[in-house]
$ cat target.cif   # mmCIF, C-alpha atoms
data_final
#
loop_
_atom_site.group_PDB
_atom_site.id
_atom_site.type_symbol
_atom_site.label_atom_id
_atom_site.label_comp_id
_atom_site.auth_asym_id
_atom_site.auth_seq_id
_atom_site.Cartn_x
_atom_site.Cartn_y
_atom_site.Cartn_z
ATOM 1 C CA MET A 68 0.000 0.000 0.000
ATOM 2 C CA VAL A 69 1.431 3.371 -0.996
ATOM 3 C CA THR A 70 1.641 5.956 1.765
ATOM 4 C CA GLY A 71 -0.163 9.252 1.299
ATOM 5 C CA GLY A 72 3.039 11.271 0.778
ATOM 6 C CA LYS A 73 4.479 8.919 -1.832
ATOM 7 C CA GLY A 74 1.141 8.696 -3.579
ATOM 8 C CA MET A 75 0.892 12.461 -3.846
ATOM 9 C CA ILE A 76 4.426 12.709 -5.255
ATOM 10 C CA ARG A 77 3.713 9.999 -7.773
ATOM 11 C CA ARG A 78 0.451 11.628 -8.865
ATOM 12 C CA PHE A 79 2.227 14.960 -9.152
ATOM 13 C CA LEU A 80 4.947 13.447 -11.367
ATOM 14 C CA TYR A 81 2.340 11.767 -13.575
ATOM 15 C CA THR A 82 0.513 15.076 -13.934
ATOM 16 C CA VAL A 83 3.713 16.962 -14.804
ATOM 17 C CA ILE A 84 4.676 14.391 -17.437
ATOM 18 C CA ILE A 85 1.225 14.530 -19.019
ATOM 19 C CA VAL A 86 1.134 18.340 -19.017
ATOM 20 C CA ILE A 87 4.591 18.495 -20.621
ATOM 21 C CA GLY A 88 3.560 15.926 -23.218
ATOM 22 C CA ILE A 89 0.360 17.785 -24.057
ATOM 23 C CA GLY A 90 2.276 21.079 -24.246
ATOM 24 C CA ILE A 91 4.860 19.634 -26.639
ATOM 25 C CA PHE A 92 2.168 18.049 -28.773
ATOM 26 C CA PHE A 93 -0.022 21.132 -29.071
ATOM 27 C CA TYR A 94 2.827 23.660 -29.406
ATOM 28 C CA PRO A 95 2.813 23.584 -33.252
ATOM 29 C CA ASP A 96 -0.960 24.105 -33.347
ATOM 30 C CA ILE A 97 -0.868 26.932 -30.819
ATOM 31 C CA SER A 98 2.092 28.569 -32.563
ATOM 32 C CA THR A 99 0.369 28.332 -35.951
ATOM 33 C CA TRP A 100 -2.916 29.668 -34.538
ATOM 34 C CA LEU A 101 -1.200 32.696 -32.980
ATOM 35 C CA PHE A 102 0.734 33.410 -36.180
ATOM 36 C CA ASN A 103 -2.365 33.100 -38.375
ATOM 37 C CA LYS A 104 -4.303 35.394 -36.057
ATOM 38 C CA GLN A 105 -1.592 38.060 -36.274
ATOM 39 C CA ALA A 106 -1.209 37.612 -40.045
ATOM 40 C CA GLN A 107 -4.954 37.957 -40.642
ATOM 41 C CA THR A 108 -5.068 41.057 -38.437
ATOM 42 C CA THR A 109 -2.282 42.595 -40.523
ATOM 43 C CA ILE A 110 -4.092 41.731 -43.765
ATOM 44 C CA HIS A 111 -7.449 43.061 -42.518
ATOM 45 C CA ASN A 112 -5.837 46.328 -41.395
ATOM 46 C CA PHE A 113 -4.254 46.666 -44.831
ATOM 47 C CA GLN A 114 -7.615 46.014 -46.507
ATOM 48 C CA ASP A 115 -9.308 48.624 -44.297
ATOM 49 C CA GLN A 116 -6.702 51.208 -45.275
ATOM 50 C CA GLN A 117 -7.276 50.444 -48.952
ATOM 51 C CA GLU A 118 -11.064 50.756 -48.542
ATOM 52 C CA ASP A 119 -10.671 54.115 -46.797
ATOM 53 C CA LEU A 120 -8.434 55.298 -49.613
ATOM 54 C CA SER A 121 -10.981 54.187 -52.236
ATOM 55 C CA GLU A 122 -13.868 55.875 -50.403
ATOM 56 C CA ASN A 123 -11.962 59.140 -50.133
ATOM 57 C CA THR A 124 -11.228 59.016 -53.835
ATOM 58 C CA ASP A 125 -14.873 58.285 -54.747
ATOM 59 C CA LEU A 126 -16.125 61.256 -52.721
ATOM 60 C CA GLU A 127 -14.260 63.731 -54.916
ATOM 61 C CA LYS A 128 -16.880 65.175 -57.231
ATOM 62 C CA GLU A 129 -14.625 67.126 -59.573
ATOM 63 C CA PRO A 130 -12.630 65.126 -62.112
ATOM 64 C CA LYS A 131 -8.951 64.886 -61.349
ATOM 65 C CA THR A 132 -6.453 66.729 -63.492
ATOM 66 C CA GLU A 133 -3.421 64.888 -64.840
ATOM 67 C CA THR A 134 -1.313 66.560 -62.154
ATOM 68 C CA GLU A 135 -3.617 65.415 -59.343
ATOM 69 C CA SER A 136 -3.720 61.869 -60.712
ATOM 70 C CA ALA A 137 0.066 61.819 -60.910
ATOM 71 C CA GLU A 138 0.307 62.952 -57.287
ATOM 72 C CA ASN A 139 -2.065 60.208 -56.101
ATOM 73 C CA MET A 140 -0.070 57.618 -58.049
ATOM 74 C CA GLU A 141 3.348 59.038 -57.233
ATOM 75 C CA GLU A 142 4.578 56.014 -55.300
ATOM 76 C CA LYS A 143 3.414 53.584 -57.988
ATOM 77 C CA LEU A 144 5.048 55.659 -60.718
ATOM 78 C CA ARG A 145 8.316 55.624 -58.763
ATOM 79 C CA ILE A 146 8.056 51.850 -58.427
ATOM 80 C CA VAL A 147 7.368 51.379 -62.150
ATOM 81 C CA LYS A 148 10.422 53.500 -62.906
ATOM 82 C CA TYR A 149 12.457 51.491 -60.391
ATOM 83 C CA ASN A 150 11.382 48.200 -61.982
ATOM 84 C CA LYS A 151 12.319 49.530 -65.408
ATOM 85 C CA SER A 152 15.793 50.451 -64.166
ATOM 86 C CA LEU A 153 16.283 46.913 -62.815
ATOM 87 C CA PHE A 154 15.563 45.492 -66.263
ATOM 88 C CA GLU A 155 17.766 48.005 -68.067
ATOM 89 C CA ASN A 156 20.697 48.076 -65.624
ATOM 90 C CA GLY A 157 20.536 44.613 -64.083
ATOM 91 C CA GLU A 158 19.597 43.351 -60.625
ATOM 92 C CA GLU A 159 21.932 43.407 -57.632
ATOM 93 C CA LEU A 160 21.210 40.380 -55.463
ATOM 94 C CA THR A 161 23.679 40.651 -52.579
ATOM 95 C CA ASN A 162 22.722 39.551 -49.071
ATOM 96 C CA THR A 163 22.548 43.176 -47.947
ATOM 97 C CA VAL A 164 20.422 44.407 -50.857
ATOM 98 C CA MET A 165 17.988 41.477 -50.603
ATOM 99 C CA LYS A 166 17.089 42.516 -47.039
ATOM 100 C CA GLU A 167 16.630 46.221 -47.768
ATOM 101 C CA ILE A 168 13.490 48.239 -48.512
ATOM 102 C CA PRO A 169 14.048 50.307 -51.702
ATOM 103 C CA ASP A 170 13.590 54.029 -51.094
ATOM 104 C CA VAL A 171 10.799 54.158 -53.704
ATOM 105 C CA VAL A 172 8.479 52.430 -51.197
ATOM 106 C CA ASP A 173 6.751 54.838 -48.797
ATOM 107 C CA ASN A 174 5.816 52.444 -45.973
ATOM 108 C CA PRO A 175 8.805 52.316 -43.563
ATOM 109 C CA ASP A 176 7.778 48.947 -42.075
ATOM 110 C CA GLY A 177 7.874 47.360 -45.533
ATOM 111 C CA LEU A 178 4.286 46.050 -45.621
ATOM 112 C CA PHE A 179 3.175 46.112 -49.248
ATOM 113 C CA GLY A 180 0.075 43.926 -49.322
ATOM 114 C CA TYR A 181 -0.541 40.206 -49.133
ATOM 115 C CA ILE A 182 -0.252 37.004 -51.138
ATOM 116 C CA ASP A 183 -2.962 34.348 -51.597
ATOM 117 C CA ILE A 184 -2.140 30.811 -52.765
ATOM 118 C CA PRO A 185 -5.318 28.657 -52.796
ATOM 119 C CA ALA A 186 -3.537 25.416 -53.758
ATOM 120 C CA MET A 187 -1.283 25.651 -50.682
ATOM 121 C CA ASN A 188 -4.089 24.955 -48.198
ATOM 122 C CA ASN A 189 -5.604 28.398 -48.898
ATOM 123 C CA LEU A 190 -2.444 30.114 -47.692
ATOM 124 C CA SER A 191 -2.705 33.864 -47.117
ATOM 125 C CA LEU A 192 0.323 35.803 -45.874
ATOM 126 C CA PRO A 193 1.241 39.464 -45.435
ATOM 127 C CA LEU A 194 3.768 40.548 -48.062
ATOM 128 C CA TYR A 195 6.761 42.642 -47.048
ATOM 129 C CA ILE A 196 9.440 44.353 -49.118
ATOM 130 C CA GLY A 197 12.954 43.231 -48.168
ATOM 131 C CA ALA A 198 13.769 39.702 -46.993
ATOM 132 C CA SER A 199 15.044 40.621 -43.525
ATOM 133 C CA ASP A 200 14.718 38.148 -40.654
ATOM 134 C CA GLU A 201 11.937 40.306 -39.195
ATOM 135 C CA HIS A 202 9.925 40.360 -42.419
ATOM 136 C CA MET A 203 10.441 36.640 -43.065
ATOM 137 C CA GLY A 204 9.124 35.944 -39.582
ATOM 138 C CA LYS A 205 5.955 37.952 -40.235
ATOM 139 C CA GLY A 206 4.993 36.455 -43.601
ATOM 140 C CA ALA A 207 6.317 36.313 -47.157
ATOM 141 C CA ALA A 208 9.034 38.743 -48.240
ATOM 142 C CA LEU A 209 10.124 40.189 -51.568
ATOM 143 C CA LEU A 210 13.859 39.879 -52.194
ATOM 144 C CA GLY A 211 15.208 43.417 -52.297
ATOM 145 C CA GLY A 212 16.846 44.064 -55.653
ATOM 146 C CA THR A 213 14.080 42.267 -57.561
ATOM 147 C CA SER A 214 10.995 43.798 -59.187
ATOM 148 C CA ILE A 215 8.363 45.204 -56.841
ATOM 149 C CA PRO A 216 5.018 43.479 -57.609
ATOM 150 C CA VAL A 217 2.941 46.107 -59.406
ATOM 151 C CA GLY A 218 2.775 44.212 -62.710
ATOM 152 C CA GLY A 219 4.126 45.165 -66.104
ATOM 153 C CA GLN A 220 6.356 43.571 -68.711
ATOM 154 C CA ASN A 221 10.016 42.883 -67.937
ATOM 155 C CA THR A 222 9.398 42.299 -64.227
ATOM 156 C CA ASN A 223 9.985 39.371 -61.889
ATOM 157 C CA ALA A 224 9.055 39.808 -58.234
ATOM 158 C CA VAL A 225 10.935 37.118 -56.288
ATOM 159 C CA ILE A 226 9.032 36.298 -53.099
ATOM 160 C CA ALA A 227 10.653 34.177 -50.388
ATOM 161 C CA GLY A 228 9.077 32.262 -47.524
ATOM 162 C CA HIS A 229 10.380 29.931 -44.837
ATOM 163 C CA ARG A 230 9.934 26.208 -45.454
ATOM 164 C CA GLY A 231 8.300 26.054 -42.058
ATOM 165 C CA TRP A 232 9.792 27.898 -39.068
ATOM 166 C CA ARG A 233 8.987 27.735 -35.353
ATOM 167 C CA SER A 234 6.223 25.264 -36.202
ATOM 168 C CA VAL A 235 4.492 27.748 -38.568
ATOM 169 C CA PRO A 236 4.075 26.343 -42.124
ATOM 170 C CA TYR A 237 4.789 29.459 -44.287
ATOM 171 C CA PHE A 238 5.831 27.863 -47.645
ATOM 172 C CA LYS A 239 6.056 24.345 -46.161
ATOM 173 C CA TYR A 240 3.484 22.943 -48.603
ATOM 174 C CA ILE A 241 4.894 24.594 -51.727
ATOM 175 C CA GLU A 242 5.106 21.197 -53.456
ATOM 176 C CA LEU A 243 1.303 21.156 -53.618
ATOM 177 C CA LEU A 244 1.539 23.788 -56.360
ATOM 178 C CA LYS A 245 1.091 22.450 -59.880
ATOM 179 C CA ILE A 246 1.303 23.978 -63.348
ATOM 180 C CA GLY A 247 -1.643 26.314 -63.889
ATOM 181 C CA ASP A 248 -2.398 26.947 -60.200
ATOM 182 C CA ILE A 249 -3.246 30.515 -59.209
ATOM 183 C CA VAL A 250 -1.173 32.921 -57.108
ATOM 184 C CA LYS A 251 -2.648 36.324 -56.243
ATOM 185 C CA ILE A 252 -0.734 39.403 -55.121
ATOM 186 C CA THR A 253 -2.657 42.312 -53.616
ATOM 187 C CA ASN A 254 -0.637 45.541 -53.541
ATOM 188 C CA PRO A 255 -1.791 49.030 -52.449
ATOM 189 C CA TRP A 256 -3.521 49.610 -55.808
ATOM 190 C CA GLU A 257 -4.894 46.327 -57.137
ATOM 191 C CA THR A 258 -4.904 42.530 -57.068
ATOM 192 C CA LEU A 259 -2.708 40.811 -59.662
ATOM 193 C CA THR A 260 -3.373 37.206 -60.700
ATOM 194 C CA TYR A 261 -0.586 34.869 -61.809
ATOM 195 C CA LYS A 262 -0.472 31.215 -62.839
ATOM 196 C CA VAL A 263 2.267 28.679 -62.227
ATOM 197 C CA GLU A 264 4.217 28.135 -65.441
ATOM 198 C CA LYS A 265 7.278 26.154 -64.342
ATOM 199 C CA ILE A 266 8.937 24.657 -61.243
ATOM 200 C CA LYS A 267 12.693 24.229 -60.796
ATOM 201 C CA ILE A 268 15.219 23.131 -58.195
ATOM 202 C CA ILE A 269 18.158 25.554 -58.165
ATOM 203 C CA GLN A 270 21.297 26.271 -56.175
ATOM 204 C CA PRO A 271 21.046 28.892 -53.382
ATOM 205 C CA ASP A 272 23.446 31.214 -55.225
ATOM 206 C CA ASP A 273 21.909 30.774 -58.694
ATOM 207 C CA ASP A 274 20.844 34.390 -59.222
ATOM 208 C CA GLN A 275 20.447 33.962 -62.988
ATOM 209 C CA SER A 276 17.576 31.503 -62.507
ATOM 210 C CA ILE A 277 15.509 34.114 -60.667
ATOM 211 C CA GLY A 278 16.263 37.008 -62.995
ATOM 212 C CA ILE A 279 13.879 39.023 -65.150
ATOM 213 C CA GLN A 280 12.728 37.284 -68.331
ATOM 214 C CA GLU A 281 12.325 39.759 -71.152
ATOM 215 C CA GLY A 282 8.749 40.549 -72.084
ATOM 216 C CA LYS A 283 7.213 38.694 -69.133
ATOM 217 C CA ASP A 284 5.266 39.880 -66.093
ATOM 218 C CA MET A 285 6.303 37.356 -63.426
ATOM 219 C CA VAL A 286 6.289 36.378 -59.789
ATOM 220 C CA THR A 287 8.708 33.713 -58.553
ATOM 221 C CA LEU A 288 8.112 31.947 -55.239
ATOM 222 C CA ILE A 289 11.222 30.585 -53.576
ATOM 223 C CA THR A 290 11.966 28.553 -50.455
ATOM 224 C CA CYS A 291 14.461 26.034 -49.070
ATOM 225 C CA HIS A 292 14.439 22.469 -50.380
ATOM 226 C CA PRO A 293 14.163 19.690 -49.342
ATOM 227 C CA TYR A 294 12.077 20.238 -46.219
ATOM 228 C CA ARG A 295 14.276 20.280 -43.084
ATOM 229 C CA SER A 296 17.461 20.340 -45.193
ATOM 230 C CA ASN A 297 18.857 23.632 -43.829
ATOM 231 C CA GLY A 298 18.693 25.182 -47.272
ATOM 232 C CA LYS A 299 20.577 22.663 -49.419
ATOM 233 C CA TYR A 300 18.713 23.811 -52.555
ATOM 234 C CA ARG A 301 16.010 26.289 -53.490
ATOM 235 C CA TYR A 302 12.539 25.312 -54.726
ATOM 236 C CA ALA A 303 11.519 27.947 -57.288
ATOM 237 C CA VAL A 304 7.972 28.282 -58.631
ATOM 238 C CA TYR A 305 7.750 30.534 -61.694
ATOM 239 C CA CYS A 306 4.415 32.258 -62.243
ATOM 240 C CA VAL A 307 3.315 34.437 -65.159
ATOM 241 C CA ARG A 308 0.460 36.938 -65.335
ATOM 242 C CA ASP A 309 -2.753 35.061 -66.112
ATOM 243 C CA ASP A 310 -3.279 36.607 -69.563
ATOM 244 C CA MET A 311 0.294 35.700 -70.546
ATOM 245 C CA TYR A 312 -0.248 32.150 -69.334
ATOM 246 C CA GLN A 313 -3.232 31.757 -71.654
ATOM 247 C CA GLU A 314 -1.220 33.043 -74.595
ATOM 248 C CA ASP A 315 2.117 31.354 -73.995
ATOM 249 C CA SER A 316 1.558 28.396 -71.680
ATOM 250 C CA SER A 317 -1.732 26.745 -72.613
ATOM 251 C CA ASP A 318 0.096 23.731 -74.043
ATOM 252 C CA ILE A 319 1.894 22.950 -70.770
ATOM 253 C CA GLU A 320 0.431 19.986 -68.908
ATOM 254 C CA LYS A 321 -0.447 20.336 -65.229
ATOM 255 C CA ASP A 322 1.626 17.275 -64.308
ATOM 256 C CA THR A 323 4.820 18.522 -65.975
ATOM 257 C CA PRO A 324 7.676 17.253 -63.762
ATOM 258 C CA VAL A 325 9.853 19.499 -61.641
ATOM 259 C CA ILE A 326 13.007 20.605 -63.466
ATOM 260 C CA PHE A 327 16.317 20.382 -61.645
ATOM 261 C CA THR A 328 19.401 22.327 -62.695
ATOM 262 C CA GLU A 329 23.025 21.198 -62.769
ATOM 263 C CA ASN A 330 24.352 19.755 -59.483
ATOM 264 C CA THR A 331 20.866 19.585 -57.971
ATOM 265 C CA GLU A 332 18.276 16.849 -57.687
ATOM 266 C CA TYR A 333 14.568 16.692 -57.004
ATOM 267 C CA LEU A 334 14.118 15.198 -53.568
ATOM 268 C CA SER A 335 10.410 15.275 -52.849
ATOM 269 C CA SER A 336 9.537 16.372 -49.319
ATOM 270 C CA GLU A 337 5.947 15.152 -49.486
ATOM 271 C CA ASP A 338 6.696 11.768 -47.861
ATOM 272 C CA ASP A 339 8.726 13.465 -45.124
ATOM 273 C CA ILE A 340 5.903 15.907 -44.371
ATOM 274 C CA ARG A 341 3.310 13.118 -44.407
ATOM 275 C CA LEU A 342 5.460 11.098 -41.970
ATOM 276 C CA GLU A 343 5.763 14.113 -39.687
ATOM 277 C CA ASN A 344 1.986 14.579 -39.673
ATOM 278 C CA ARG A 345 1.449 10.848 -39.099
ATOM 279 C CA LEU A 346 3.830 10.825 -36.131
ATOM 280 C CA ARG A 347 1.886 13.692 -34.573
ATOM 281 C CA LYS A 348 -1.307 11.659 -34.873
ATOM 282 C CA ILE A 349 0.403 8.674 -33.245
ATOM 283 C CA ALA A 350 1.654 10.968 -30.486
ATOM 284 C CA SER A 351 -1.900 12.169 -29.874
ATOM 285 C CA VAL A 352 -3.060 8.563 -29.395
ATOM 286 C CA LEU A 353 -0.190 7.910 -26.960
ATOM 287 C CA ILE A 354 -1.001 11.036 -24.953
ATOM 288 C CA ILE A 355 -4.670 10.080 -24.718
ATOM 289 C CA GLY A 356 -3.587 6.593 -23.675
ATOM 290 C CA MET A 357 -1.320 8.024 -20.966
ATOM 291 C CA VAL A 358 -4.146 10.183 -19.618
ATOM 292 C CA ILE A 359 -6.552 7.220 -19.484
ATOM 293 C CA PHE A 360 -3.873 4.998 -17.915
ATOM 294 C CA THR A 361 -3.069 7.591 -15.243
ATOM 295 C CA ILE A 362 -6.734 8.113 -14.395
ATOM 296 C CA CYS A 363 -7.249 4.343 -14.080
ATOM 297 C CA ILE A 364 -4.162 3.936 -11.867
ATOM 298 C CA GLN A 365 -5.215 6.765 -9.578
ATOM 299 C CA LYS A 366 -8.753 5.414 -9.345
ATOM 300 C CA ARG A 367 -7.479 1.936 -8.465
ATOM 301 C CA ARG A 368 -5.147 3.332 -5.789
ATOM 302 C CA LYS A 369 -7.959 5.291 -4.202
ATOM 303 C CA GLU A 370 -10.040 2.117 -4.083
ATOM 304 C CA ASN A 371 -7.133 0.192 -2.493
ATOM 305 C CA GLU A 372 -6.612 2.936 0.083
ATOM 306 C CA LYS A 373 -10.222 2.504 1.175
#

$ encode --input "target.cif" --output "structure tokens"
Amino acid sequence: MVTGGKGMIRRFLYTVIIVIGIGIFFYPDISTWLFNKQAQTTIHNFQDQQEDLSENTDLEKEPKTETESAENMEEKLRIVKYNKSLFENGEELTNTVMKEIPDVVDNPDGLFGYIDIPAMNNLSLPLYIGASDEHMGKGAALLGGTSIPVGGQNTNAVIAGHRGWRSVPYFKYIELLKIGDIVKITNPWETLTYKVEKIKIIQPDDDQSIGIQEGKDMVTLITCHPYRSNGKYRYAVYCVRDDMYQEDSSDIEKDTPVIFTENTEYLSSEDDIRLENRLRKIASVLIIGMVIFTICIQKRRKENEK
């Protein structure tokens, strides 16, 4: 028969173990929930600002002059000019430049809109300019030194996302994207729709593979590959503006295989991710089993003590 003091200690230890186990198990879900809540708040605030701007514009009864229109679109015109200079003079993709916010962007915190990717489990992330650690932690981030996503020929906005970080998915499920899937970018002026045209595995320092392609209006999504590889390669998803896709890419099949460049290989992460999810389900069963076992043991001890 277990004495009262020993029984209390044992029950306490069982409780601590169960609480720790439950905490470890639910940490990814809690972390993801908190991140999604903050991300959606950021997106909703951005949408509210855009609605206020539209309402203020609609209330103006007199037609705008060319000068007034130019003033209202000053930031966008600067960005268009900036994008044109990148095409004409070449992109500079150093580690420092990629993290910076170009001075043509007015918002000092770098928030530029948001990105929607339905095929990636309806992913919706705030979009920041400059791939700093802070911006990457808050959502998706445009590599500084690449085209700012306002559309137009001779542009390629390269948008990076973590392949999962601190239990938050980010671009974890990027391999769900197939040829023809839709990617939407909402900037301060409009929503731009792109379609996946090609997928490649590239080296981390392969700047040429993410450069501007003449005549095209593009967005390129990029993340580490394979999953949990510490950035061995980069998984690049090339998207073209939807009207260009219809003209140039209608003959491409949805199941076109992933292309891998020299000294790379396509190592699918889908099995690894499925295994990770399966192990979490097994862990949930074990935790429930531990709880039931502990309750039964405690109940039996109480009966024996009587």

$ atom_distance --input "target.cif" --atom1 "atom CA of A:Asp272" --atom2 "atom CA of A:Ile249"
27.0 Å

$ resolve_selection --input "target.cif" --expression "the PyMOL selection byres ((chain A and resi 273) around 12)" --output "VMD selection string"
chain A and resid 160 to 161 267 to 272 274 to 278 289 300 to 303 328 to 331

$ residues_around --input "target.cif" --residues "A:Asp173" --least-positions-apart "6" --cutoff "12 Å" --atoms "only C-alpha atoms" --output "NGL selection string"
:A and (140-143 or 145-146 or 179 or 196 or 255)

$ write_last_selection --input "target.cif" --atoms "C-alpha atoms" --output "PDB file, in the frame of the given file"
ATOM      1  CA  MET A 140      -0.070  57.618 -58.049  1.00  0.00           C
ATOM      2  CA  GLU A 141       3.348  59.038 -57.233  1.00  0.00           C
ATOM      3  CA  GLU A 142       4.578  56.014 -55.300  1.00  0.00           C
ATOM      4  CA  LYS A 143       3.414  53.584 -57.988  1.00  0.00           C
ATOM      5  CA  ARG A 145       8.316  55.624 -58.763  1.00  0.00           C
ATOM      6  CA  ILE A 146       8.056  51.850 -58.427  1.00  0.00           C
ATOM      7  CA  PHE A 179       3.175  46.112 -49.248  1.00  0.00           C
ATOM      8  CA  ILE A 196       9.440  44.353 -49.118  1.00  0.00           C
ATOM      9  CA  PRO A 255      -1.791  49.030 -52.449  1.00  0.00           C
TER      10      PRO A 255
END

$ residues_around --input "target.cif" --residues "A:Leu192" --least-positions-apart "5" --cutoff "6 Å" --atoms "all atoms listed in the file" --output "compact mmCIF listing (two decimals) with C-alpha atoms, keeping the file's coordinate frame"
# COMPACT_ATOMS: atom_id res chain seq x y z
CA TYR A 181 -0.54 40.21 -49.13
CA ILE A 182 -0.25 37.00 -51.14
CA GLY A 206 4.99 36.46 -43.60

$ residues_around --input "target.cif" --residues "stretch 261-266 of chain A" --least-positions-apart "6" --cutoff "8 Å" --atoms "all atoms listed in the file" --output "list in words"
Leu244, Lys245, Ile246, Gly247, Asp248, Ile249, Val250, Lys251, Met285, Val286, Tyr302, Ala303, Val304, Tyr305, Cys306, Val307, Arg308, Asp309, Tyr312, Ser316, Ile319, Pro324, Val325 and Ile326 of chain A

$ atom_distance --input "target.cif" --atom1 "atom CA of A:Pro95" --atom2 "atom CA of A:Asn188"
16.5 Å

$ atom_distance --input "target.cif" --atom1 "atom CA of A:Gly219" --atom2 "atom CA of A:Met187"
25.5 Å

$ closest_residue --input "target.cif" --among "A:Gln117, A:Thr290, A:Asn150, A:Thr222" --to "A:Ala198" --atoms "only C-alpha atoms"
A:Thr290

$ closest_residue --input "target.cif" --among "A:Ala207, A:Ile184, A:Val86, A:Leu194" --to "A:Phe113" --atoms "all atoms listed in the file"
A:Leu194

$ residues_around --input "target.cif" --residues "A:Lys283" --least-positions-apart "3" --cutoff "6 Å" --atoms "only C-alpha atoms" --output "MDAnalysis selection string"
chainID A and resid 220:221 280

$ residues_near_point --input "target.cif" --point "(-7.2, 13.7, -15.3)" --cutoff "12 Å" --atoms "all atoms listed in the file" --output "list in words"
Arg78, Phe79, Tyr81, Thr82, Val83, Ile85, Val86, Ile354, Ile355, Gly356, Met357, Val358, Ile359, Phe360, Thr361, Ile362, Cys363, Ile364, Gln365 and Lys366 of chain A

$ closest_residue --input "target.cif" --among "A:Leu288, A:Lys205, A:Asn156, A:Gly180" --to "A:Asp115" --atoms "only C-alpha atoms"
A:Gly180

$ closest_residue --input "target.cif" --among "A:Pro193, A:Pro236, A:Gly212, A:Gly204" --to "A:Thr163" --atoms "all atoms listed in the file"
A:Gly212

$ closest_residue --input "target.cif" --among "A:Arg230, A:Lys104, A:Arg345, A:His111" --to "A:Asn297" --atoms "all atoms listed in the file"
A:Arg230

$ closest_residue --input "target.cif" --among "A:Val235, A:Val171, A:Ala350, A:Leu342" --to "A:Thr99" --atoms "all atoms listed in the file"
A:Val235

$ resolve_selection --input "target.cif" --expression "the PyMOL selection byres ((chain A and resi 336) around 6)" --output "ChimeraX atom specification"
/A:293-294,335,337-339

$ resolve_selection --input "target.cif" --expression "the PyMOL selection byres ((chain A and resi 210) around 6)" --output "ChimeraX atom specification"
/A:165,197-198,209,211,213,225

$ residues_around --input "target.cif" --residues "A:Gly218" --least-positions-apart "3" --cutoff "9 Å" --atoms "only C-alpha atoms" --output "VMD selection string"
chain A and resid 147 214 to 215 222 to 224 259 284 to 285 308
